[in-house]
$ cat structure-v6.txt   # compact mmCIF, C-alpha atoms and all ligand atoms
# COMPACT_ATOMS: atom_id res chain seq x y z
CA MET A 1 0.00 0.00 0.00
CA ARG A 2 1.50 3.35 -0.99
CA ILE A 3 0.48 6.31 1.16
CA VAL A 4 1.38 9.81 -0.04
CA SER A 5 0.63 13.29 1.28
CA GLY A 6 2.06 16.80 1.06
CA ILE A 7 2.06 20.05 2.96
CA GLN A 8 2.87 23.51 1.65
CA PRO A 9 5.75 25.41 3.25
CA SER A 10 3.94 28.72 2.92
CA GLY A 11 3.98 29.16 6.72
CA PRO A 12 4.64 27.21 9.91
CA VAL A 13 2.71 24.04 10.78
CA HIS A 14 -0.57 24.96 12.43
CA LEU A 15 -3.20 23.15 14.44
CA GLY A 16 -5.44 22.70 11.36
CA ASN A 17 -2.65 20.92 9.47
CA TYR A 18 -2.03 18.69 12.45
CA LEU A 19 -5.61 17.73 13.30
CA GLY A 20 -6.76 17.61 9.68
CA ALA A 21 -3.94 15.71 8.02
CA LEU A 22 -0.66 15.19 9.88
CA ARG A 23 -2.18 13.33 12.82
CA GLN A 24 -3.63 10.61 10.63
CA LEU A 25 -0.48 10.48 8.53
CA LEU A 26 1.47 9.85 11.75
CA GLU A 27 -0.97 7.12 12.76
CA LEU A 28 -0.44 5.45 9.39
CA ALA A 29 3.31 5.85 9.81
CA SER A 30 3.23 3.54 12.79
CA GLY A 31 1.79 0.80 10.55
CA PRO A 32 3.69 -1.37 8.06
CA ASP A 33 3.76 1.17 5.19
CA ARG A 34 6.17 4.07 5.45
CA PRO A 35 4.16 6.97 3.99
CA PHE A 36 5.70 9.38 1.50
CA CYS A 37 5.44 12.86 2.99
CA PHE A 38 6.69 15.79 0.99
CA ILE A 39 7.02 19.53 1.38
CA ALA A 40 5.04 21.03 -1.50
CA ASP A 41 7.29 23.98 -2.34
CA LEU A 42 6.14 24.09 -5.98
CA HIS A 43 2.58 24.53 -4.78
CA ALA A 44 3.69 27.24 -2.35
CA LEU A 45 5.12 29.12 -5.35
CA THR A 46 1.53 29.98 -6.26
CA THR A 47 1.52 32.31 -3.24
CA VAL A 48 5.12 32.96 -2.13
CA HIS A 49 7.30 34.98 -4.49
CA ASP A 50 10.35 35.48 -2.32
CA GLY A 51 13.08 32.92 -2.96
CA ALA A 52 14.97 33.37 0.30
CA ARG A 53 11.77 33.12 2.29
CA LEU A 54 10.48 30.04 0.50
CA ALA A 55 13.81 28.25 0.88
CA ALA A 56 13.92 29.08 4.60
CA ARG A 57 10.30 28.04 5.12
CA THR A 58 10.90 24.73 3.34
CA ARG A 59 13.75 23.99 5.68
CA GLU A 60 11.75 24.99 8.76
CA MET A 61 8.90 22.79 7.62
CA ALA A 62 11.29 19.84 7.39
CA VAL A 63 12.45 20.49 10.95
CA GLU A 64 8.88 20.84 12.22
CA LEU A 65 7.78 17.62 10.52
CA LEU A 66 10.76 15.76 11.94
CA ALA A 67 9.98 17.11 15.40
CA LEU A 68 6.40 15.86 15.06
CA GLY A 69 7.67 12.34 14.38
CA PHE A 70 8.13 12.11 10.61
CA GLY A 71 11.59 10.57 10.99
CA ALA A 72 13.27 8.40 8.36
CA ASP A 73 12.37 5.23 10.23
CA ARG A 74 8.65 5.97 9.89
CA CYS A 75 8.27 7.83 6.63
CA VAL A 76 9.89 9.05 3.43
CA LEU A 77 10.36 12.79 3.87
CA PHE A 78 11.49 14.91 0.92
CA VAL A 79 11.08 18.19 -0.94
CA GLN A 80 8.65 18.10 -3.85
CA SER A 81 10.60 20.28 -6.31
CA ALA A 82 13.63 17.96 -6.27
CA VAL A 83 11.72 15.21 -8.08
CA ALA A 84 12.02 16.26 -11.72
CA GLU A 85 9.67 13.60 -13.09
CA LEU A 86 6.83 15.31 -11.33
CA THR A 87 6.60 18.32 -13.61
CA ARG A 88 6.88 16.11 -16.67
CA LEU A 89 4.00 14.01 -15.47
CA ALA A 90 2.05 17.18 -14.64
CA TRP A 91 2.49 18.34 -18.23
CA ALA A 92 1.36 15.00 -19.60
CA LEU A 93 -1.71 15.07 -17.35
CA ALA A 94 -2.50 18.62 -18.44
CA THR A 95 -2.77 17.43 -22.04
CA VAL A 96 -5.62 15.04 -21.15
CA THR A 97 -7.38 17.41 -18.74
CA PRO A 98 -10.35 19.42 -20.09
CA MET A 99 -10.29 23.13 -19.11
CA PRO A 100 -13.80 22.99 -17.57
CA LEU A 101 -12.61 20.37 -15.07
CA LEU A 102 -10.07 22.83 -13.66
CA ALA A 103 -12.43 25.78 -13.83
CA ARG A 104 -14.36 24.03 -11.03
CA GLY A 105 -11.28 24.07 -8.76
CA HIS A 106 -12.14 25.95 -5.56
CA ALA A 107 -8.84 27.82 -5.10
CA TYR A 108 -9.09 29.17 -8.62
CA LYS A 109 -12.82 29.95 -8.41
CA GLU A 110 -12.39 31.76 -5.10
CA LYS A 111 -9.76 34.04 -6.56
CA VAL A 112 -11.78 34.82 -9.67
CA ASP A 113 -14.92 35.38 -7.58
CA GLN A 114 -13.00 37.96 -5.56
CA GLY A 115 -12.34 39.77 -8.81
CA LEU A 116 -8.62 38.91 -8.75
CA THR A 117 -6.56 37.60 -11.63
CA ALA A 118 -5.53 34.00 -11.05
CA SER A 119 -2.17 32.83 -12.40
CA VAL A 120 -1.96 29.89 -14.80
CA GLY A 121 -0.14 28.14 -11.96
CA LEU A 122 -3.11 28.50 -9.64
CA PHE A 123 -5.42 27.29 -12.39
CA THR A 124 -3.31 24.18 -12.95
CA TYR A 125 -2.59 23.65 -9.24
CA PRO A 126 -4.77 20.49 -9.18
CA VAL A 127 -2.80 19.03 -12.11
CA LEU A 128 0.46 19.29 -10.21
CA MET A 129 -1.25 17.84 -7.19
CA ALA A 130 -2.50 14.90 -9.26
CA ALA A 131 1.05 14.36 -10.51
CA ASP A 132 2.23 14.47 -6.87
CA VAL A 133 0.34 11.32 -6.09
CA LEU A 134 0.27 9.52 -9.45
CA ALA A 135 4.06 9.82 -9.70
CA TYR A 136 4.42 7.40 -6.79
CA ASP A 137 1.50 5.08 -7.63
CA ALA A 138 -0.27 6.31 -4.50
CA ASP A 139 -3.19 4.21 -3.30
CA LEU A 140 -4.12 6.32 -0.30
CA VAL A 141 -3.83 10.06 0.27
CA PRO A 142 -4.53 11.22 3.84
CA VAL A 143 -5.68 14.85 3.76
CA GLY A 144 -7.94 17.34 5.48
CA PRO A 145 -11.53 17.69 4.24
CA ASP A 146 -10.67 20.78 2.16
CA GLN A 147 -8.57 18.64 -0.19
CA LEU A 148 -11.27 16.16 -1.17
CA GLN A 149 -12.10 18.03 -4.34
CA HIS A 150 -8.46 18.00 -5.43
CA LEU A 151 -8.32 14.25 -4.97
CA GLU A 152 -11.50 13.79 -6.98
CA LEU A 153 -9.90 15.81 -9.76
CA ALA A 154 -6.79 13.62 -9.51
CA ARG A 155 -8.92 10.53 -10.01
CA ASP A 156 -10.61 12.17 -13.00
CA MET A 157 -7.24 12.98 -14.55
CA ALA A 158 -5.92 9.48 -13.93
CA THR A 159 -9.05 8.06 -15.56
CA LYS A 160 -8.58 10.31 -18.61
CA MET A 161 -4.96 9.25 -18.93
CA ASN A 162 -5.77 5.57 -18.69
CA LEU A 163 -8.61 5.87 -21.21
CA ALA A 164 -6.31 7.68 -23.63
CA PHE A 165 -3.15 5.60 -23.28
CA ASP A 166 -4.05 2.21 -21.84
CA PRO A 167 -6.35 0.46 -24.35
CA GLY A 168 -6.73 -2.65 -22.17
CA TRP A 169 -7.88 -0.72 -19.09
CA ASP A 170 -11.45 -1.31 -17.98
CA PRO A 171 -12.72 1.43 -15.64
CA ALA A 172 -15.56 -0.85 -14.50
CA SER A 173 -13.34 -3.76 -13.45
CA ALA A 174 -12.94 -4.63 -9.78
CA ASP A 175 -9.24 -3.73 -9.72
CA ALA A 176 -9.61 -0.64 -11.95
CA ALA A 177 -7.94 1.65 -9.40
CA ARG A 178 -4.65 -0.22 -9.49
CA SER A 179 -4.57 -1.90 -12.88
CA GLY A 180 -4.20 1.03 -15.27
CA LEU A 181 -1.18 2.87 -16.64
CA VAL A 182 -1.59 5.18 -13.65
CA HIS A 183 -3.34 4.37 -10.38
CA LEU A 184 -6.51 6.06 -9.15
CA PRO A 185 -5.71 7.42 -5.67
CA ALA A 186 -8.25 7.36 -2.84
CA ALA A 187 -8.50 10.25 -0.40
CA LEU A 188 -8.49 9.38 3.28
CA VAL A 189 -10.18 11.88 5.58
CA ARG A 190 -10.18 10.98 9.26
CA GLU A 191 -13.59 10.10 10.60
CA ASN A 192 -15.39 12.99 12.33
CA THR A 193 -12.75 15.44 11.23
CA ALA A 194 -14.23 18.80 10.46
CA LEU A 195 -12.22 21.70 9.14
CA VAL A 196 -10.45 23.31 12.07
CA PRO A 197 -11.52 26.95 12.41
CA GLY A 198 -8.94 29.71 12.66
CA THR A 199 -8.83 32.48 15.25
CA ASP A 200 -11.15 34.61 13.09
CA GLY A 201 -13.68 31.81 12.54
CA ARG A 202 -12.73 31.12 8.91
CA LYS A 203 -10.86 27.90 8.00
CA MET A 204 -7.51 27.94 9.76
CA SER A 205 -5.01 28.54 6.97
CA LYS A 206 -1.50 29.83 6.54
CA SER A 207 -2.81 32.20 3.91
CA TYR A 208 -5.37 33.85 6.24
CA GLY A 209 -3.05 34.74 9.13
CA ASN A 210 -5.51 33.13 11.57
CA THR A 211 -3.44 30.17 12.74
CA LEU A 212 -2.40 28.63 16.04
CA ASP A 213 1.16 27.61 15.19
CA LEU A 214 2.38 24.45 16.90
CA PHE A 215 5.97 25.67 17.14
CA ALA A 216 5.48 29.34 17.93
CA ASP A 217 7.35 30.59 20.98
CA ASP A 218 5.31 30.81 24.18
CA ARG A 219 4.49 34.48 23.85
CA THR A 220 3.44 34.26 20.21
CA LEU A 221 1.25 31.25 20.88
CA GLU A 222 -0.39 33.05 23.77
CA ARG A 223 -0.98 36.08 21.57
CA GLN A 224 -2.52 33.91 18.86
CA VAL A 225 -4.88 32.29 21.36
CA MET A 226 -5.84 35.65 22.90
CA HIS A 227 -6.63 36.89 19.38
CA ILE A 228 -9.47 34.43 18.92
CA VAL A 229 -12.40 36.68 18.16
CA THR A 230 -14.94 37.07 20.95
CA ASP A 231 -17.74 39.53 21.58
CA SER A 232 -19.03 41.36 24.64
CA THR A 233 -21.34 38.60 25.93
CA PRO A 234 -21.20 38.90 29.75
CA VAL A 235 -19.52 36.11 31.74
CA ALA A 236 -22.84 34.98 33.22
CA ALA A 237 -24.67 34.69 29.87
CA PRO A 238 -24.73 31.72 27.47
CA LYS A 239 -22.21 32.16 24.64
CA PRO A 240 -23.05 32.24 20.92
CA GLU A 241 -22.63 29.18 18.73
CA PRO A 242 -21.00 28.02 16.55
CA HIS A 243 -17.84 29.59 17.90
CA PRO A 244 -14.20 28.93 16.95
CA LEU A 245 -13.08 29.12 20.60
CA LEU A 246 -15.47 26.36 21.67
CA GLU A 247 -14.54 24.22 18.67
CA LEU A 248 -10.82 24.67 19.27
CA VAL A 249 -10.92 23.92 22.96
CA THR A 250 -13.17 20.85 22.59
CA VAL A 251 -11.18 19.40 19.72
CA LEU A 252 -8.06 19.31 21.90
CA CYS A 253 -9.72 17.87 25.04
CA GLU A 254 -10.76 14.39 26.01
CA PRO A 255 -14.46 13.87 25.09
CA ASP A 256 -15.66 14.19 28.72
CA GLU A 257 -13.93 17.48 29.26
CA GLY A 258 -15.15 18.66 25.85
CA ARG A 259 -18.75 17.92 26.79
CA GLU A 260 -18.31 19.83 30.03
CA HIS A 261 -17.01 22.88 28.13
CA THR A 262 -19.98 22.70 25.77
CA ARG A 263 -22.33 22.51 28.75
CA THR A 264 -20.89 25.56 30.53
CA TRP A 265 -20.69 27.44 27.22
CA ARG A 266 -24.42 27.01 26.73
CA GLN A 267 -25.29 27.66 30.34
CA GLY A 268 -23.11 30.70 30.99
CA GLY A 269 -20.99 31.49 34.05
CA VAL A 270 -17.58 31.00 32.43
CA GLY A 271 -15.87 33.86 30.61
CA TYR A 272 -14.11 33.62 27.24
CA GLY A 273 -10.77 34.17 28.96
CA ALA A 274 -11.08 30.93 30.93
CA TYR A 275 -11.65 28.90 27.76
CA LYS A 276 -8.68 30.61 26.16
CA ARG A 277 -6.43 29.74 29.10
CA ARG A 278 -7.59 26.12 28.96
CA LEU A 279 -6.89 26.00 25.22
CA LEU A 280 -3.41 27.37 25.78
CA GLU A 281 -2.72 24.76 28.47
CA ARG A 282 -3.90 22.01 26.16
CA LEU A 283 -1.67 23.23 23.35
CA HIS A 284 1.33 23.16 25.67
CA GLU A 285 0.50 19.71 27.03
CA ARG A 286 0.08 18.30 23.60
CA PHE A 287 2.99 19.88 21.74
CA ASP A 288 5.69 20.93 24.20
CA GLU A 289 7.58 17.68 23.70
CA ALA A 290 7.65 18.21 19.91
CA ARG A 291 8.75 21.79 20.58
CA ARG A 292 11.70 20.53 22.60
CA ARG A 293 12.59 18.08 19.83
CA ARG A 294 12.53 20.91 17.35
CA ALA A 295 14.95 22.94 19.41
CA ALA A 296 17.34 19.96 19.39
CA LEU A 297 16.96 19.47 15.63
CA GLU A 298 17.78 23.09 14.98
CA ARG A 299 21.17 22.44 16.51
CA ASP A 300 21.79 19.54 14.13
CA PRO A 301 21.21 20.76 10.55
CA ALA A 302 23.33 17.91 9.14
CA LEU A 303 20.81 15.40 10.44
CA VAL A 304 17.99 17.23 8.66
CA ASP A 305 20.03 17.22 5.44
CA ARG A 306 20.64 13.49 5.73
CA VAL A 307 16.98 12.66 6.28
CA LEU A 308 15.88 14.80 3.32
CA ALA A 309 18.57 13.33 1.04
CA ALA A 310 17.65 9.76 1.93
CA GLY A 311 13.93 10.48 1.46
CA LEU A 312 14.58 12.13 -1.87
CA ALA A 313 16.63 9.19 -3.15
CA GLU A 314 13.80 6.83 -2.30
CA ALA A 315 11.09 9.03 -3.81
CA ARG A 316 13.11 9.63 -6.98
CA GLY A 317 13.63 5.92 -7.42
CA VAL A 318 9.89 5.28 -7.45
CA ALA A 319 9.04 8.34 -9.58
CA ALA A 320 11.66 7.35 -12.19
CA GLN A 321 10.09 3.92 -12.58
CA VAL A 322 6.56 5.26 -12.85
CA TRP A 323 7.60 7.95 -15.32
CA ALA A 324 9.47 5.41 -17.48
CA ARG A 325 6.28 3.37 -17.69
CA VAL A 326 4.15 6.41 -18.52
CA ALA A 327 6.66 7.86 -21.01
CA ARG A 328 6.73 4.57 -22.94
CA ALA A 329 2.94 4.57 -23.25
CA LEU A 330 2.89 8.26 -24.28
CA GLY A 331 5.67 7.84 -26.83
CA VAL A 332 7.92 10.47 -25.28
CA TRP A 333 11.40 10.23 -23.82
P1 LIG A 401 -2.81 25.77 4.49
O1 LIG A 401 -4.25 25.84 4.05
O2 LIG A 401 -2.65 26.31 5.85
O3 LIG A 401 -1.86 26.37 3.49
P2 LIG A 401 -1.92 23.24 3.47
O4 LIG A 401 -2.63 23.66 2.25
O5 LIG A 401 -0.47 23.13 3.39
O6 LIG A 401 -2.39 24.26 4.63
O7 LIG A 401 -2.54 21.90 4.01
C1 LIG A 401 -1.82 20.76 4.45
C2 LIG A 401 -2.81 19.73 4.96
O8 LIG A 401 -3.50 20.25 6.12
C3 LIG A 401 -3.90 19.37 3.96
O9 LIG A 401 -4.16 17.98 3.98
C4 LIG A 401 -5.11 20.13 4.42
O10 LIG A 401 -6.31 19.47 4.09
C5 LIG A 401 -4.90 20.16 5.93
N1 LIG A 401 -5.52 21.35 6.49
C6 LIG A 401 -5.15 22.65 6.29
N2 LIG A 401 -5.93 23.51 6.98
C7 LIG A 401 -6.84 22.73 7.65
C8 LIG A 401 -7.91 23.03 8.56
N3 LIG A 401 -8.19 24.27 8.91
N4 LIG A 401 -8.62 21.99 9.06
C9 LIG A 401 -8.33 20.71 8.70
N5 LIG A 401 -7.32 20.38 7.87
C10 LIG A 401 -6.58 21.36 7.34
N1 LIG A 402 -2.72 21.06 -1.95
C1 LIG A 402 -2.46 20.53 -0.65
C2 LIG A 402 -2.94 21.56 0.38
O1 LIG A 402 -2.99 22.72 0.08
C3 LIG A 402 -1.00 20.23 -0.42
C4 LIG A 402 -0.59 19.17 -1.38
C5 LIG A 402 0.12 19.32 -2.52
C6 LIG A 402 -0.94 17.78 -1.29
N2 LIG A 402 0.28 18.13 -3.16
C7 LIG A 402 -0.37 17.17 -2.44
C8 LIG A 402 -1.66 17.02 -0.39
C9 LIG A 402 -0.52 15.81 -2.68
C10 LIG A 402 -1.82 15.65 -0.65
C11 LIG A 402 -1.23 15.06 -1.79
O2 LIG A 402 -3.27 21.18 1.45

$ encode --input "structure-v6.txt" --output "structure tokens"
Amino acid sequence: MRIVSGIQPSGPVHLGNYLGALRQLLELASGPDRPFCFIADLHALTTVHDGARLAARTREMAVELLALGFGADRCVLFVQSAVAELTRLAWALATVTPMPLLARGHAYKEKVDQGLTASVGLFTYPVLMAADVLAYDADLVPVGPDQLQHLELARDMATKMNLAFDPGWDPASADAARSGLVHLPAALVRENTALVPGTDGRKMSKSYGNTLDLFADDRTLERQVMHIVTDSTPVAAPKPEPHPLLELVTVLCEPDEGREHTRTWRQGGVGYGAYKRRLLERLHERFDEARRRRAALERDPALVDRVLAAGLAEARGVAAQVWARVARALGVW
């Protein structure tokens, strides 16, 4: 079973990334299959146009992922842009992808709806993402719920490619997903995982500046928590719902404690500040060990280099084989 997932280095790892995707990737990493986990710097190029910053962020992301437990013994960690076959495969996929399929893409639509000009890169973002998983014959792609559409598009593109270049492939057969020229990947979203809200109530995202960053220093983390938007509801009164503060604090607690917070929230008597302090405590309990590991890793850059180089060698090996197979069928070199 090949498991593949990626994360953009457009900002530090935040709670949404962890609860939505990284947590289940880590769970899978303790099983028999070492997942491929890559830092999607080519995707981040759709938003970050500052070379020094992107390079630094990519490196920090590697350190943060290692600190969270994505070590070489448990997964294959590498940087997306170093696998050259990927962009070739993306081009090949683009030639079988109808424009209207991509026009449905939510990142692109959002931008256009806001009256902004989207780049060609943003438009074709899902094509590169499809290549990201098809290049390694991925069977399973653990992601947060916001990426389901991208995975559906990846399956559509894989289907188009098989129909065009693999005459023997039968999309209706029982083993259709794994028997074609390219495999049809399945998204894996953790059960009961909703999108984690950010401090402003929108989806927590690096691009909205509304994150709780797992590796922020104590003061910054406290500031981020205190920034969660609240209103002037008196302490004694029931609090409005849905509310990002309630969602954030319950998602980090044991179910019993979570139910108790929901009860007091609805009943009144507890002020917003108390929930914020509890959330901050929970964040420290949960991530302080990883934070200590990160501090140690920062003192050992050679170790980070070694892990990334070993991961890259392994990923390249697989991508080269898949691309050779695809190139033969396409009639290109
Ligand atoms: P961001 O939106 O902050 O740039 P990425 O696009 O790099 O984050 O996402 C990496 C992974 O984290 C993806 O699988 C994505 O689905 C997941 N993810 C990101 N934000 C959230 C969120 N708010 N809730 C749940 N999962 C999320
Ligand atoms: N687009 C994903 C996100 O924004 C990141 C990503 C890029 C990814 N390539 C991927 C995730 C391949 C899973 C598989 O969250």

$ closest_residue --input "structure-v6.txt" --among "A:Ser205, A:Leu283, A:Val13, A:Thr220" --to "A:Ala67" --atoms "all atoms listed in the file"
A:Val13

$ residues_around --input "structure-v6.txt" --residues "A:Ser5" --least-positions-apart "6" --cutoff "7 Å" --atoms "all atoms listed in the file" --output "PyMOL selection string"
chain A and resi 36-38+141-143

$ write_last_selection --input "structure-v6.txt" --atoms "C-alpha atoms" --output "short mmCIF file (atom, residue, chain, number, x, y, z; two decimals), keeping the file's coordinate frame"
data_model
loop_
_atom_site.label_atom_id
_atom_site.label_comp_id
_atom_site.auth_asym_id
_atom_site.auth_seq_id
_atom_site.Cartn_x
_atom_site.Cartn_y
_atom_site.Cartn_z
CA PHE A 36 5.70 9.38 1.50
CA CYS A 37 5.44 12.86 2.99
CA PHE A 38 6.69 15.79 0.99
CA VAL A 141 -3.83 10.06 0.27
CA PRO A 142 -4.53 11.22 3.84
CA VAL A 143 -5.68 14.85 3.76
#

$ closest_residue --input "structure-v6.txt" --among "A:Ala40, A:Ala29, A:Val270, A:Leu68" --to "ligand LIG 402 (chain A)" --atoms "all atoms listed in the file"
A:Ala40

$ residues_near_ligand --input "structure-v6.txt" --ligand "ligand LIG 402 (chain A)" --cutoff "9 Å" --atoms "all atoms listed in the file" --output "ChimeraX atom specification"
/A:4-8,17,21,37-44,80,125-126,128-133,141-144,146-147,150-151,187

$ closest_residue --input "structure-v6.txt" --among "A:Leu66, A:Val83, A:His284, A:Arg325" --to "A:Leu252" --atoms "all atoms listed in the file"
A:His284

$ atom_distance --input "structure-v6.txt" --atom1 "atom CA of A:Ala164" --atom2 "atom CA of A:Ala327"
13.2 Å

$ atom_distance --input "structure-v6.txt" --atom1 "atom CA of A:Ala84" --atom2 "atom CA of A:Gln321"
12.5 Å

$ closest_residue --input "structure-v6.txt" --among "A:Arg306, A:Phe287, A:Arg104, A:Arg190" --to "A:Leu28" --atoms "only C-alpha atoms"
A:Arg190

$ residues_around --input "structure-v6.txt" --residues "A:Phe70" --least-positions-apart "5" --cutoff "10 Å" --atoms "all atoms listed in the file" --output "VMD selection string"
chain A and resid 22 25 to 26 29 34 to 37 62 to 65 75 to 77 307

$ closest_residue --input "structure-v6.txt" --among "A:Arg277, A:Thr117, A:Ala216, A:Ala82" --to "A:Ala313" --atoms "only C-alpha atoms"
A:Ala82

$ residues_around --input "structure-v6.txt" --residues "stretch 209-211 of chain A" --least-positions-apart "2" --cutoff "12 Å" --atoms "all atoms listed in the file" --output "ChimeraX atom specification"
/A:10-18,196-207,213-216,220-229,244,248

$ atom_distance --input "structure-v6.txt" --atom1 "atom O1 of ligand LIG 401 (chain A)" --atom2 "atom CA of A:Ala315"
24.1 Å

$ residues_near_point --input "structure-v6.txt" --point "(-4.4, 9.1, -7.2)" --cutoff "8 Å" --atoms "only C-alpha atoms" --output "list in words"
Ala130, Val133, Leu134, Asp137, Ala138, Asp139, Leu140, Val141, Leu151, Ala154, Arg155, Ala158, His183, Leu184, Pro185 and Ala186 of chain A

$ residues_around --input "structure-v6.txt" --residues "A:Ala172" --least-positions-apart "5" --cutoff "12 Å" --atoms "all atoms listed in the file" --output "number ranges by chain"
A: 159, 163, 177, 179-180

$ closest_residue --input "structure-v6.txt" --among "A:Phe123, A:Phe78, A:Tyr136, A:Trp91" --to "A:His106" --atoms "all atoms listed in the file"
A:Phe123

$ residues_around --input "structure-v6.txt" --residues "A:Ala107" --least-positions-apart "3" --cutoff "8 Å" --atoms "all atoms listed in the file" --output "number ranges by chain"
A: 110-111, 122

$ write_last_selection --input "structure-v6.txt" --atoms "C-alpha atoms" --output "CSV table (one decimal), in the frame of the given file"
chain,number,residue,atom,x,y,z
A,110,GLU,CA,-12.4,31.8,-5.1
A,111,LYS,CA,-9.8,34.0,-6.6
A,122,LEU,CA,-3.1,28.5,-9.6
